[in-house]
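**Q** One file: query.cif (mmCIF, C-alpha atoms and all ligand atoms).
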```
data_final
loop_
_atom_site.label_atom_id
_atom_site.label_comp_id
_atom_site.auth_asym_id
_atom_site.auth_seq_id
_atom_site.Cartn_x
_atom_site.Cartn_y
_atom_site.Cartn_z
CA MET A 1 -27.19 2.09 -0.99
CA LYS A 2 -27.31 5.36 -2.94
CA SER A 3 -24.64 5.61 -5.61
CA MET A 4 -21.98 8.24 -4.85
CA LYS A 5 -19.61 10.30 -6.98
CA ILE A 6 -16.19 9.95 -5.42
CA GLY A 7 -12.91 11.67 -6.31
CA ILE A 8 -9.78 9.65 -5.51
CA VAL A 9 -6.38 11.33 -5.34
CA CYS A 10 -3.29 9.13 -5.12
CA TYR A 11 0.24 8.55 -6.31
CA PRO A 12 0.00 6.55 -9.52
CA THR A 13 3.22 4.65 -8.88
CA TYR A 14 3.77 1.02 -7.92
CA GLY A 15 3.81 1.88 -4.17
CA GLY A 16 1.28 0.31 -1.83
CA SER A 17 -0.76 3.48 -1.31
CA GLY A 18 -1.36 3.84 -5.05
CA VAL A 19 -2.31 0.17 -5.34
CA ILE A 20 -4.80 0.39 -2.47
CA ALA A 21 -6.30 3.64 -3.80
CA THR A 22 -6.70 2.21 -7.30
CA GLU A 23 -8.15 -1.12 -6.20
CA LEU A 24 -10.51 0.66 -3.81
CA GLY A 25 -11.75 2.92 -6.62
CA LYS A 26 -12.20 0.01 -9.02
CA GLY A 27 -14.06 -1.95 -6.35
CA LEU A 28 -16.39 0.97 -5.60
CA ALA A 29 -17.02 1.40 -9.33
CA ARG A 30 -18.03 -2.28 -9.57
CA ARG A 31 -20.58 -1.54 -6.86
CA GLY A 32 -22.14 1.22 -8.96
CA HIS A 33 -20.40 4.35 -7.67
CA LYS A 34 -18.85 6.80 -10.10
CA VAL A 35 -15.16 7.07 -9.33
CA HIS A 36 -12.92 9.87 -10.61
CA PHE A 37 -9.17 9.36 -10.25
CA ILE A 38 -7.19 12.58 -10.16
CA THR A 39 -3.41 12.37 -10.40
CA TYR A 40 -0.44 13.12 -12.66
CA ARG A 41 -0.23 9.80 -14.50
CA GLN A 42 -2.65 6.97 -15.26
CA PRO A 43 -2.24 4.63 -12.23
CA ALA A 44 -0.46 1.35 -13.02
CA ARG A 45 -3.56 -0.73 -12.26
CA LEU A 46 -5.97 1.46 -14.20
CA LEU A 47 -4.82 0.85 -17.72
CA SER A 48 -7.89 -0.92 -19.08
CA PHE A 49 -11.42 0.39 -19.49
CA GLN A 50 -13.86 -0.08 -16.63
CA GLU A 51 -17.47 1.05 -16.30
CA ASN A 52 -17.95 3.99 -13.85
CA VAL A 53 -14.23 4.82 -13.74
CA TYR A 54 -12.91 8.19 -14.93
CA TYR A 55 -9.42 9.59 -15.02
CA HIS A 56 -8.35 13.24 -14.85
CA GLU A 57 -4.72 14.01 -15.48
CA VAL A 58 -3.02 16.85 -13.63
CA ARG A 59 -0.52 18.78 -15.69
CA SER A 60 1.97 20.99 -13.88
CA ALA A 61 2.84 24.25 -15.55
CA ASP A 62 6.34 24.38 -16.93
CA TYR A 63 8.01 27.79 -16.94
CA PRO A 64 11.71 28.70 -16.78
CA LEU A 65 11.09 30.50 -13.50
CA PHE A 66 9.99 27.30 -11.79
CA GLU A 67 12.85 25.18 -10.58
CA TYR A 68 10.14 22.97 -9.06
CA PRO A 69 6.91 22.85 -11.11
CA PRO A 70 4.05 23.76 -8.73
CA TYR A 71 2.24 20.40 -8.70
CA ASP A 72 0.23 21.19 -5.56
CA THR A 73 -1.27 24.27 -7.19
CA ALA A 74 -2.09 22.40 -10.37
CA LEU A 75 -3.69 19.57 -8.39
CA THR A 76 -5.76 22.01 -6.32
CA SER A 77 -7.10 23.69 -9.45
CA LYS A 78 -7.91 20.30 -10.97
CA LEU A 79 -9.76 19.22 -7.82
CA VAL A 80 -11.84 22.40 -7.81
CA ASP A 81 -12.67 21.77 -11.44
CA VAL A 82 -13.58 18.11 -11.13
CA VAL A 83 -15.67 18.60 -7.97
CA LYS A 84 -17.63 21.40 -9.66
CA TYR A 85 -18.13 19.96 -13.11
CA GLU A 86 -18.47 16.28 -12.24
CA ASN A 87 -20.55 17.16 -9.21
CA LEU A 88 -18.57 15.01 -6.78
CA ASP A 89 -20.02 14.09 -3.38
CA LEU A 90 -16.71 13.47 -1.65
CA LEU A 91 -12.93 13.60 -2.09
CA HIS A 92 -10.87 10.69 -0.79
CA VAL A 93 -7.14 11.42 -0.79
CA HIS A 94 -4.45 8.79 -0.22
CA TYR A 95 -1.15 9.74 1.44
CA ALA A 96 -1.16 12.89 3.55
CA ILE A 97 1.60 14.72 1.69
CA PRO A 98 0.61 16.81 -0.18
CA HIS A 99 -2.82 15.36 -0.87
CA ALA A 100 -4.52 16.17 2.45
CA THR A 101 -3.24 19.73 2.26
CA VAL A 102 -4.31 20.16 -1.34
CA ALA A 103 -7.77 18.76 -0.58
CA TYR A 104 -8.19 21.27 2.24
CA MET A 105 -7.23 24.11 -0.09
CA ALA A 106 -9.63 22.93 -2.79
CA LYS A 107 -12.40 22.60 -0.23
CA LYS A 108 -11.84 26.16 0.97
CA ILE A 109 -11.88 27.54 -2.57
CA LEU A 110 -15.12 25.72 -3.30
CA LEU A 111 -16.66 27.03 -0.08
CA THR A 112 -16.14 30.60 -1.30
CA GLU A 113 -18.51 29.66 -4.12
CA GLY A 114 -20.99 28.06 -1.69
CA ARG A 115 -20.05 24.53 -2.79
CA TYR A 116 -19.27 22.05 -0.01
CA VAL A 117 -17.29 18.86 -0.55
CA PRO A 118 -16.12 16.74 2.41
CA THR A 119 -12.61 15.29 2.35
CA VAL A 120 -11.36 11.94 3.64
CA THR A 121 -7.62 11.31 4.11
CA THR A 122 -6.13 7.84 4.30
CA LEU A 123 -2.75 7.64 6.03
CA HIS A 124 -0.59 4.91 4.54
CA GLY A 125 2.58 4.87 6.58
CA THR A 126 5.62 6.64 5.25
CA ASP A 127 3.53 9.83 5.06
CA ILE A 128 3.55 9.65 8.88
CA THR A 129 6.55 7.56 9.92
CA LEU A 130 9.23 8.82 7.53
CA VAL A 131 8.12 11.91 5.68
CA GLY A 132 5.50 13.32 7.98
CA SER A 133 7.60 13.29 11.11
CA ASN A 134 10.30 15.26 9.29
CA ARG A 135 10.37 18.78 10.78
CA THR A 136 9.91 20.38 7.37
CA PHE A 137 6.54 18.75 6.84
CA ALA A 138 5.26 18.13 10.36
CA PRO A 139 3.19 21.29 10.99
CA VAL A 140 1.50 21.05 7.60
CA VAL A 141 0.79 17.31 7.99
CA ALA A 142 -0.75 17.76 11.46
CA PHE A 143 -2.84 20.73 10.29
CA SER A 144 -4.11 18.91 7.20
CA ILE A 145 -5.04 15.77 9.16
CA ASN A 146 -6.94 17.89 11.67
CA LYS A 147 -8.81 19.67 8.89
CA SER A 148 -9.88 16.51 7.05
CA ASP A 149 -13.54 15.61 7.53
CA GLY A 150 -12.59 11.96 7.85
CA VAL A 151 -9.25 10.27 8.52
CA THR A 152 -8.44 6.60 8.17
CA ALA A 153 -5.23 4.69 8.89
CA VAL A 154 -4.28 1.32 7.44
CA SER A 155 -3.45 -0.28 10.81
CA GLU A 156 -3.97 0.16 14.55
CA ASN A 157 -0.25 0.75 14.83
CA LEU A 158 -0.27 3.60 12.32
CA ARG A 159 -3.22 5.17 14.11
CA ARG A 160 -1.27 5.04 17.39
CA GLN A 161 1.89 6.43 15.81
CA THR A 162 -0.01 9.32 14.23
CA TYR A 163 -1.35 10.36 17.63
CA GLU A 164 2.14 9.97 19.11
CA PHE A 165 3.99 11.98 16.46
CA PHE A 166 1.50 14.78 15.92
CA ASP A 167 -0.91 16.92 17.85
CA ILE A 168 -4.08 15.41 16.42
CA ASN A 169 -7.56 16.38 17.57
CA ASN A 170 -9.45 14.42 14.94
CA ASP A 171 -10.78 10.85 15.09
CA ILE A 172 -8.85 8.28 13.10
CA GLU A 173 -10.70 5.21 11.89
CA VAL A 174 -8.70 2.06 11.16
CA ILE A 175 -9.51 0.44 7.83
CA HIS A 176 -6.90 -2.17 7.02
CA ASN A 177 -5.37 -2.85 3.61
CA PHE A 178 -7.28 -5.46 1.66
CA ILE A 179 -6.81 -8.10 -1.00
CA ASP A 180 -8.68 -9.14 -4.12
CA PHE A 181 -8.95 -12.93 -4.16
CA GLU A 182 -10.06 -12.88 -7.78
CA ARG A 183 -6.49 -12.00 -8.56
CA PHE A 184 -4.37 -13.13 -5.62
CA ARG A 185 -4.84 -16.86 -5.17
CA LYS A 186 -2.72 -19.91 -5.65
CA VAL A 187 -2.86 -20.99 -9.28
CA ASN A 188 -1.01 -23.79 -10.98
CA LYS A 189 2.17 -22.39 -12.52
CA ASP A 190 4.28 -25.54 -12.47
CA HIS A 191 6.10 -24.54 -15.65
CA PHE A 192 7.37 -21.42 -13.83
CA LYS A 193 8.46 -23.56 -10.91
CA LYS A 194 10.42 -25.89 -13.20
CA ALA A 195 12.14 -22.94 -14.85
CA ILE A 196 13.06 -21.22 -11.58
CA ALA A 197 13.89 -24.29 -9.50
CA PRO A 198 14.66 -27.12 -11.97
CA ASN A 199 15.84 -29.50 -9.25
CA GLY A 200 12.89 -28.98 -6.92
CA GLU A 201 14.66 -26.34 -4.83
CA ARG A 202 12.62 -24.27 -2.37
CA ILE A 203 11.69 -20.79 -3.64
CA LEU A 204 11.98 -17.75 -1.37
CA VAL A 205 10.61 -14.43 -2.55
CA HIS A 206 10.72 -10.74 -1.70
CA THR A 207 8.83 -7.93 -3.41
CA SER A 208 9.33 -4.24 -2.67
CA ASN A 209 10.34 -0.87 -4.04
CA PHE A 210 13.95 -1.54 -2.93
CA ARG A 211 14.07 1.46 -0.63
CA LYS A 212 16.37 1.55 2.39
CA VAL A 213 13.42 0.94 4.70
CA LYS A 214 12.88 -2.52 3.11
CA ARG A 215 16.37 -3.81 4.14
CA VAL A 216 16.84 -5.83 0.96
CA GLN A 217 20.40 -6.71 2.02
CA ASP A 218 18.92 -8.55 5.02
CA VAL A 219 16.83 -10.62 2.59
CA ILE A 220 20.02 -11.72 0.84
CA LYS A 221 21.82 -12.49 4.11
CA ILE A 222 18.85 -14.53 5.37
CA PHE A 223 18.75 -16.40 2.08
CA SER A 224 22.46 -17.15 2.26
CA GLN A 225 21.97 -18.93 5.62
CA VAL A 226 18.97 -20.85 4.29
CA TYR A 227 20.89 -21.85 1.17
CA GLU A 228 23.67 -23.37 3.29
CA LYS A 229 21.14 -25.83 4.76
CA ILE A 230 18.46 -26.26 2.09
CA PRO A 231 18.69 -26.26 -1.74
CA SER A 232 16.85 -23.05 -2.59
CA LYS A 233 16.45 -20.08 -4.91
CA LEU A 234 15.57 -16.45 -4.17
CA LEU A 235 13.38 -14.22 -6.34
CA LEU A 236 13.75 -10.48 -5.87
CA ILE A 237 10.86 -8.60 -7.44
CA GLY A 238 10.70 -4.82 -7.83
CA ASP A 239 13.21 -2.08 -8.33
CA GLY A 240 14.49 0.99 -6.57
CA PRO A 241 17.47 2.82 -5.11
CA ASP A 242 18.93 -0.15 -3.19
CA ARG A 243 18.98 -2.59 -6.10
CA GLN A 244 22.60 -1.89 -7.03
CA ASN A 245 23.79 -2.50 -3.47
CA ALA A 246 21.77 -5.72 -3.38
CA GLU A 247 23.32 -6.88 -6.65
CA ALA A 248 26.81 -6.09 -5.33
CA LEU A 249 26.11 -8.10 -2.18
CA CYS A 250 24.98 -11.11 -4.24
CA ARG A 251 28.27 -10.97 -6.15
CA GLU A 252 30.30 -10.64 -2.94
CA MET A 253 28.54 -13.64 -1.44
CA GLY A 254 28.90 -15.71 -4.62
CA LEU A 255 25.13 -16.21 -4.86
CA CYS A 256 24.45 -14.79 -8.33
CA ASP A 257 23.29 -18.15 -9.72
CA GLU A 258 20.81 -18.69 -6.91
CA ILE A 259 19.24 -15.20 -6.79
CA ARG A 260 17.21 -13.71 -9.60
CA PHE A 261 16.43 -10.04 -9.88
CA LEU A 262 13.19 -9.88 -11.83
CA GLY A 263 12.60 -6.10 -11.72
CA LYS A 264 9.06 -4.71 -11.72
CA GLN A 265 6.53 -7.38 -12.53
CA ASP A 266 2.83 -6.95 -13.24
CA ALA A 267 1.70 -10.51 -12.54
CA ILE A 268 3.26 -10.84 -9.09
CA GLU A 269 0.58 -13.37 -8.13
CA GLU A 270 1.96 -15.87 -10.66
CA LEU A 271 5.37 -15.74 -9.01
CA LEU A 272 3.89 -15.91 -5.52
CA ALA A 273 1.97 -18.99 -6.65
CA VAL A 274 5.23 -20.94 -7.02
CA SER A 275 6.91 -19.56 -3.89
CA ASP A 276 7.39 -21.30 -0.55
CA LEU A 277 8.28 -18.40 1.71
CA PHE A 278 8.01 -14.61 1.66
CA ILE A 279 10.71 -12.50 3.34
CA MET A 280 9.90 -8.99 4.65
CA PRO A 281 12.59 -7.72 7.06
CA SER A 282 11.49 -4.04 6.81
CA GLU A 283 12.62 -1.40 9.25
CA SER A 284 9.18 0.19 9.20
CA GLU A 285 5.93 -1.08 7.71
CA SER A 286 2.56 0.42 8.52
CA PHE A 287 0.73 -2.66 7.27
CA GLY A 288 2.75 -4.71 4.77
CA LEU A 289 0.48 -5.14 1.76
CA ALA A 290 3.10 -7.27 0.00
CA ALA A 291 2.99 -9.76 2.89
CA LEU A 292 -0.81 -9.95 2.61
CA GLU A 293 -0.54 -10.59 -1.15
CA ALA A 294 1.84 -13.47 -0.42
CA MET A 295 -0.44 -14.92 2.25
CA ALA A 296 -3.43 -14.81 -0.11
CA CYS A 297 -1.35 -17.02 -2.42
CA GLU A 298 -0.70 -19.40 0.50
CA VAL A 299 2.86 -18.25 1.13
CA PRO A 300 3.90 -17.96 4.82
CA VAL A 301 5.87 -14.87 5.87
CA ILE A 302 9.14 -14.30 7.71
CA SER A 303 9.02 -10.67 8.76
CA SER A 304 10.23 -8.12 11.24
CA ASN A 305 8.10 -7.40 14.26
CA ILE A 306 7.44 -3.79 13.43
CA GLY A 307 4.58 -1.36 12.74
CA GLY A 308 1.40 -3.04 11.57
CA LEU A 309 3.06 -6.34 10.61
CA PRO A 310 1.88 -8.18 13.75
CA GLU A 311 -1.71 -7.31 12.71
CA VAL A 312 -1.14 -9.22 9.46
CA ASN A 313 1.46 -11.92 10.10
CA ILE A 314 0.63 -14.03 13.15
CA HIS A 315 3.74 -15.34 14.90
CA GLY A 316 3.90 -19.13 14.93
CA GLU A 317 0.79 -19.47 12.74
CA THR A 318 1.14 -17.68 9.41
CA GLY A 319 4.89 -17.16 9.71
CA PHE A 320 7.35 -15.74 12.21
CA LEU A 321 8.23 -12.27 13.47
CA SER A 322 11.66 -11.17 14.71
CA GLU A 323 13.23 -7.90 15.81
CA VAL A 324 14.44 -5.70 12.95
CA GLY A 325 17.92 -6.81 11.85
CA ASN A 326 17.86 -10.17 13.63
CA ILE A 327 18.99 -12.01 10.50
CA ASP A 328 20.07 -15.17 12.34
CA GLU A 329 16.67 -15.66 13.93
CA MET A 330 14.83 -14.94 10.67
CA ALA A 331 17.04 -17.46 8.87
CA ALA A 332 16.54 -20.09 11.61
CA ASN A 333 12.75 -19.63 11.40
CA ALA A 334 12.84 -19.90 7.62
CA ILE A 335 14.88 -23.13 7.81
CA GLN A 336 12.54 -24.58 10.43
CA LEU A 337 9.57 -24.04 8.09
CA LEU A 338 11.21 -25.13 4.86
CA GLU A 339 12.64 -28.32 6.36
CA ASN A 340 9.32 -29.77 7.33
CA GLU A 341 6.67 -30.21 4.65
CA ASP A 342 3.85 -30.82 7.16
CA ILE A 343 4.57 -27.69 9.16
CA LEU A 344 5.00 -25.65 5.98
CA ASN A 345 1.65 -26.88 4.69
CA LYS A 346 -0.03 -26.02 8.00
CA PHE A 347 1.40 -22.49 7.79
CA ARG A 348 0.24 -22.22 4.18
CA VAL A 349 -3.34 -23.02 5.22
CA ASN A 350 -3.16 -20.58 8.15
CA ALA A 351 -1.76 -17.83 5.91
CA LEU A 352 -4.70 -18.14 3.53
CA GLU A 353 -7.20 -18.20 6.38
CA GLN A 354 -5.70 -15.05 7.90
CA ALA A 355 -5.61 -13.31 4.48
CA ARG A 356 -9.33 -13.97 4.07
CA LYS A 357 -10.01 -11.55 6.95
CA PHE A 358 -8.82 -8.78 4.62
CA ASP A 359 -10.97 -9.73 1.62
CA ILE A 360 -11.80 -6.62 -0.45
CA GLU A 361 -15.42 -7.70 -0.61
CA ASN A 362 -15.75 -7.16 3.15
CA VAL A 363 -13.74 -3.95 3.22
CA LEU A 364 -15.64 -2.11 0.43
CA PRO A 365 -18.91 -1.90 2.43
CA TYR A 366 -16.86 -0.57 5.32
CA TYR A 367 -15.61 2.32 3.20
CA GLU A 368 -19.13 2.96 1.88
CA ARG A 369 -20.52 3.19 5.40
CA TYR A 370 -17.65 5.46 6.40
CA TYR A 371 -18.34 7.80 3.45
CA GLU A 372 -22.05 7.87 4.32
CA TYR A 373 -21.20 8.74 7.89
CA ILE A 374 -18.91 11.59 6.76
CA LEU A 375 -21.55 12.87 4.34
CA SER A 376 -24.17 12.82 7.07
CA THR A 377 -22.07 14.76 9.61
CA LYS A 378 -21.69 17.79 7.29
CA ILE A 379 -19.20 19.91 9.20
CA TYR A 380 -19.17 22.55 6.49
CA ASP A 381 -16.15 24.42 7.67
CA ARG A 382 -13.75 23.24 10.34
CA ASP A 383 -12.38 26.77 10.65
CA ASN A 384 -15.79 27.95 11.90
CA VAL A 385 -16.02 30.52 9.16
CA GLU A 386 -19.52 31.56 8.17
CA VAL A 387 -20.47 30.41 4.69
O1 LIG A 401 6.05 0.45 1.13
C1 LIG A 401 6.27 1.52 0.60
O2 LIG A 401 7.32 2.13 0.73
C2 LIG A 401 5.20 2.15 -0.23
C3 LIG A 401 4.19 2.76 0.65
C4 LIG A 401 3.25 3.66 -0.09
O3 LIG A 401 2.71 4.52 0.56
O4 LIG A 401 3.04 3.58 -1.28
O5 LIG A 401 3.50 1.71 1.34
C5 LIG A 401 2.86 2.01 2.54
O6 LIG A 401 1.47 1.86 2.28
C6 LIG A 401 1.04 0.52 2.04
C7 LIG A 401 -0.45 0.56 1.69
O7 LIG A 401 -1.22 1.12 2.70
C8 LIG A 401 1.34 -0.33 3.28
O8 LIG A 401 0.88 -1.66 3.10
C9 LIG A 401 2.86 -0.33 3.51
O9 LIG A 401 3.13 -1.04 4.70
C10 LIG A 401 3.34 1.10 3.67
N1 LIG A 401 4.82 1.10 3.71
C11 LIG A 401 5.50 1.45 4.80
O10 LIG A 401 4.97 1.77 5.85
C12 LIG A 401 6.99 1.41 4.68
#
```
For this file, produce the structure as structure tokens.

**A**
Amino acid sequence: MKSMKIGIVCYPTYGGSGVIATELGKGLARRGHKVHFITYRQPARLLSFQENVYYHEVRSADYPLFEYPPYDTALTSKLVDVVKYENLDLLHVHYAIPHATVAYMAKKILLTEGRYVPTVTTLHGTDITLVGSNRTFAPVVAFSINKSDGVTAVSENLRRQTYEFFDINNDIEVIHNFIDFERFRKVNKDHFKKAIAPNGERILVHTSNFRKVKRVQDVIKIFSQVYEKIPSKLLLIGDGPDRQNAEALCREMGLCDEIRFLGKQDAIEELLAVSDLFIMPSESESFGLAALEAMACEVPVISSNIGGLPEVNIHGETGFLSEVGNIDEMAANAIQLLENEDILNKFRVNALEQARKFDIENVLPYYERYYEYILSTKIYDRDNVEV
């Protein structure tokens, strides 16, 4: 396959879309493509040197007149620059807002100079389900999706929802989230286990950005029911707006000694490696990358039956799914699994087997073929303007 020069635009934060974008870029670079990341801060998973990886920082202008620094304008200018001077073949933007819109603008500017660059937008979830469907953004989101040369969604469910919420006349290809087994696999971390659960207690775990949509309080309430029946500990990994409320609930329930708030952690896989059960009671979840990470480390999942989660977590095989907010059922399912070592082990094996379907090594060629297809279609200008 011919090596390509690909620009990747993403949020550099700990969120799932940034993680997927960064790992995708690193994976493509390993396969010989030149990958240029363009964003406002070095992405969390891009801190060490890698062959074929480049990073371009976007700096927003600061001026007393601007109450809100015009990031979109700065990003557009940077994209025009990088496409021109690094001679990029394609721009792949992650998260529709504002990236798909900015990519369209950059493409149009470049067209005025006779330079064509196709754009691919990957929809990750909240850009459609929470933010995108907001009236303020909706017309711009729909327009930008329609003007992208290629559009991918991270689950069948997200694809369906995008067509339901917006007036979309573009094809949407489903390319699921993926996992790197080099990193996410069960490793022996017995010393961690002894420190966290000194008396052989079961370990339950939840990782998220502690936003309302993650329903972290439900995690604590589920744990409280499990704890009544089974000696256990709960690890809460991540940070965000709901952490204070979660801490207050732990105090109210008298569970402070059993629940540990670990904050943001880099080596999540080491904590997953000692965990018995992953809890994801989200209100909305386009895919549930955190659940996949757990499954790759042989941890079964108790989750809500929402969004793309049923495409990842198979009910009665890799874990259990319940309606959002059905804490009693989630707790009962958790207890059923944790009580029986044989069943738990069976679910562990199934979780790993299911996770293998999302191996990054299989997904990378999929993206390459998709890029090649987009490059070969060459719709120079979706507005039908002569160039
Ligand atoms: O989960 C979050 O709130 C972060 C968010 C993001 O865009 O960074 O994650 C979304 O994208 C992930 C990667 O594609 C998906 O695995 C998550 O399910 C999705 N989150 C939601 O839909 C709530």

**Q** For chain A against ligand LIG 401 (chain A), with a cut-off of 8 Å and counting all atoms listed in the file, what is the closest atom pair and its distance in Å to one decimal for every residue that makes the cut, ordered by chain and number, as JSON lines?

**A**
```
{"residue": "A:Tyr11", "atom": "CA", "partner": "A:LIG401", "partner_atom": "O4", "distance": 7.6}
{"residue": "A:Thr13", "atom": "CA", "partner": "A:LIG401", "partner_atom": "O4", "distance": 7.7}
{"residue": "A:Tyr14", "atom": "CA", "partner": "A:LIG401", "partner_atom": "O4", "distance": 7.2}
{"residue": "A:Gly15", "atom": "CA", "partner": "A:LIG401", "partner_atom": "O4", "distance": 3.4}
{"residue": "A:Gly16", "atom": "CA", "partner": "A:LIG401", "partner_atom": "O4", "distance": 3.8}
{"residue": "A:Ser17", "atom": "CA", "partner": "A:LIG401", "partner_atom": "O4", "distance": 3.8}
{"residue": "A:Gly18", "atom": "CA", "partner": "A:LIG401", "partner_atom": "O4", "distance": 5.8}
{"residue": "A:Val19", "atom": "CA", "partner": "A:LIG401", "partner_atom": "C7", "distance": 7.3}
{"residue": "A:Ile20", "atom": "CA", "partner": "A:LIG401", "partner_atom": "C7", "distance": 6.0}
{"residue": "A:Tyr95", "atom": "CA", "partner": "A:LIG401", "partner_atom": "O3", "distance": 6.6}
{"residue": "A:Leu123", "atom": "CA", "partner": "A:LIG401", "partner_atom": "O7", "distance": 7.5}
{"residue": "A:His124", "atom": "CA", "partner": "A:LIG401", "partner_atom": "O7", "distance": 4.3}
{"residue": "A:Gly125", "atom": "CA", "partner": "A:LIG401", "partner_atom": "O10", "distance": 4.0}
{"residue": "A:Thr126", "atom": "CA", "partner": "A:LIG401", "partner_atom": "O10", "distance": 4.9}
{"residue": "A:Asp127", "atom": "CA", "partner": "A:LIG401", "partner_atom": "O3", "distance": 7.0}
{"residue": "A:Thr129", "atom": "CA", "partner": "A:LIG401", "partner_atom": "O10", "distance": 7.3}
{"residue": "A:Val154", "atom": "CA", "partner": "A:LIG401", "partner_atom": "O7", "distance": 5.6}
{"residue": "A:His176", "atom": "CA", "partner": "A:LIG401", "partner_atom": "O7", "distance": 7.9}
{"residue": "A:Asn177", "atom": "CA", "partner": "A:LIG401", "partner_atom": "O7", "distance": 5.8}
{"residue": "A:Ser208", "atom": "CA", "partner": "A:LIG401", "partner_atom": "O1", "distance": 6.9}
{"residue": "A:Asn209", "atom": "CA", "partner": "A:LIG401", "partner_atom": "O2", "distance": 6.4}
{"residue": "A:Arg211", "atom": "CA", "partner": "A:LIG401", "partner_atom": "O2", "distance": 6.9}
{"residue": "A:Val213", "atom": "CA", "partner": "A:LIG401", "partner_atom": "C12", "distance": 6.4}
{"residue": "A:Lys214", "atom": "CA", "partner": "A:LIG401", "partner_atom": "C12", "distance": 7.3}
{"residue": "A:Ser282", "atom": "CA", "partner": "A:LIG401", "partner_atom": "C12", "distance": 7.4}
{"residue": "A:Glu283", "atom": "CA", "partner": "A:LIG401", "partner_atom": "C12", "distance": 7.8}
{"residue": "A:Ser284", "atom": "CA", "partner": "A:LIG401", "partner_atom": "C12", "distance": 5.2}
{"residue": "A:Glu285", "atom": "CA", "partner": "A:LIG401", "partner_atom": "O10", "distance": 3.5}
{"residue": "A:Ser286", "atom": "CA", "partner": "A:LIG401", "partner_atom": "O10", "distance": 3.8}
{"residue": "A:Phe287", "atom": "CA", "partner": "A:LIG401", "partner_atom": "O9", "distance": 3.9}
{"residue": "A:Gly288", "atom": "CA", "partner": "A:LIG401", "partner_atom": "O9", "distance": 3.7}
{"residue": "A:Leu289", "atom": "CA", "partner": "A:LIG401", "partner_atom": "O8", "distance": 3.8}
{"residue": "A:Ala290", "atom": "CA", "partner": "A:LIG401", "partner_atom": "O8", "distance": 6.8}
{"residue": "A:Gly307", "atom": "CA", "partner": "A:LIG401", "partner_atom": "O10", "distance": 7.6}
{"residue": "A:Gly308", "atom": "CA", "partner": "A:LIG401", "partner_atom": "O9", "distance": 7.4}
{"residue": "A:Leu309", "atom": "CA", "partner": "A:LIG401", "partner_atom": "O9", "distance": 7.9}
```

**Q** Quick one: of A:Ile8, A:Val205, A:Ile222, A:Ile259, who's nearest to Leu90 in chain A, counting all atoms listed in the file?

**A**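 Among the listed residues, A:Ile8 lies closest to Leu90 in chain A.
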
**Q** What's around Met280 in chain A at 7 Å? Count all atoms listed in the file, leave out sequence neighbours fewer than 5 positions away in its own chain, and write the answer as a count of residues only.

**A** 4

**Q** Any idea what's packed within 8 Å of Leu28 in chain A, counting all atoms listed in the file, ignoring anything in its chain fewer than 6 positions away? Could you give it as a CSV table (one decimal) with C-alpha atoms, in the frame of the given file?

**A**
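Written output follows (selection11.csv):
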```
chain,number,residue,atom,x,y,z
A,34,LYS,CA,-18.8,6.8,-10.1
A,35,VAL,CA,-15.2,7.1,-9.3
A,364,LEU,CA,-15.6,-2.1,0.4
```

**Q** Between A:Leu110, A:Ile230, A:Leu236, A:Leu47, which is the closest to Leu88 in chain A once you count all atoms listed in the file?

**A** A:Leu110

**Q** So which residues touch range 49-55 of chain A within 12 Å, counting all atoms listed in the file, skipping near sequence neighbours fewer than 5 positions away, as a PyMOL selection string?

**A** chain A and resi 3-10+12+22-43+78+82+86

**Q** Could you please take those selected residues and save C-alpha atoms as a CSV table (one decimal), in the coordinates of the input?

**A**
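Output contents, as saved in result_33.csv:
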```
chain,number,residue,atom,x,y,z
A,3,SER,CA,-24.6,5.6,-5.6
A,4,MET,CA,-22.0,8.2,-4.8
A,5,LYS,CA,-19.6,10.3,-7.0
A,6,ILE,CA,-16.2,10.0,-5.4
A,7,GLY,CA,-12.9,11.7,-6.3
A,8,ILE,CA,-9.8,9.6,-5.5
A,9,VAL,CA,-6.4,11.3,-5.3
A,10,CYS,CA,-3.3,9.1,-5.1
A,12,PRO,CA,0.0,6.6,-9.5
A,22,THR,CA,-6.7,2.2,-7.3
A,23,GLU,CA,-8.2,-1.1,-6.2
A,24,LEU,CA,-10.5,0.7,-3.8
A,25,GLY,CA,-11.8,2.9,-6.6
A,26,LYS,CA,-12.2,0.0,-9.0
A,27,GLY,CA,-14.1,-2.0,-6.4
A,28,LEU,CA,-16.4,1.0,-5.6
A,29,ALA,CA,-17.0,1.4,-9.3
A,30,ARG,CA,-18.0,-2.3,-9.6
A,31,ARG,CA,-20.6,-1.5,-6.9
A,32,GLY,CA,-22.1,1.2,-9.0
A,33,HIS,CA,-20.4,4.4,-7.7
A,34,LYS,CA,-18.8,6.8,-10.1
A,35,VAL,CA,-15.2,7.1,-9.3
A,36,HIS,CA,-12.9,9.9,-10.6
A,37,PHE,CA,-9.2,9.4,-10.2
A,38,ILE,CA,-7.2,12.6,-10.2
A,39,THR,CA,-3.4,12.4,-10.4
A,40,TYR,CA,-0.4,13.1,-12.7
A,41,ARG,CA,-0.2,9.8,-14.5
A,42,GLN,CA,-2.6,7.0,-15.3
A,43,PRO,CA,-2.2,4.6,-12.2
A,78,LYS,CA,-7.9,20.3,-11.0
A,82,VAL,CA,-13.6,18.1,-11.1
A,86,GLU,CA,-18.5,16.3,-12.2
```

**Q** Give the answer as one residue: which of A:Glu113, A:Asp218, A:Asp257, A:Asp167 has the shortest atom-to-atom distance to Asp328 in chain A, using only C-alpha atoms?

**A**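 Result for the nearest residue to Asp328 in chain A: A:Asp218.
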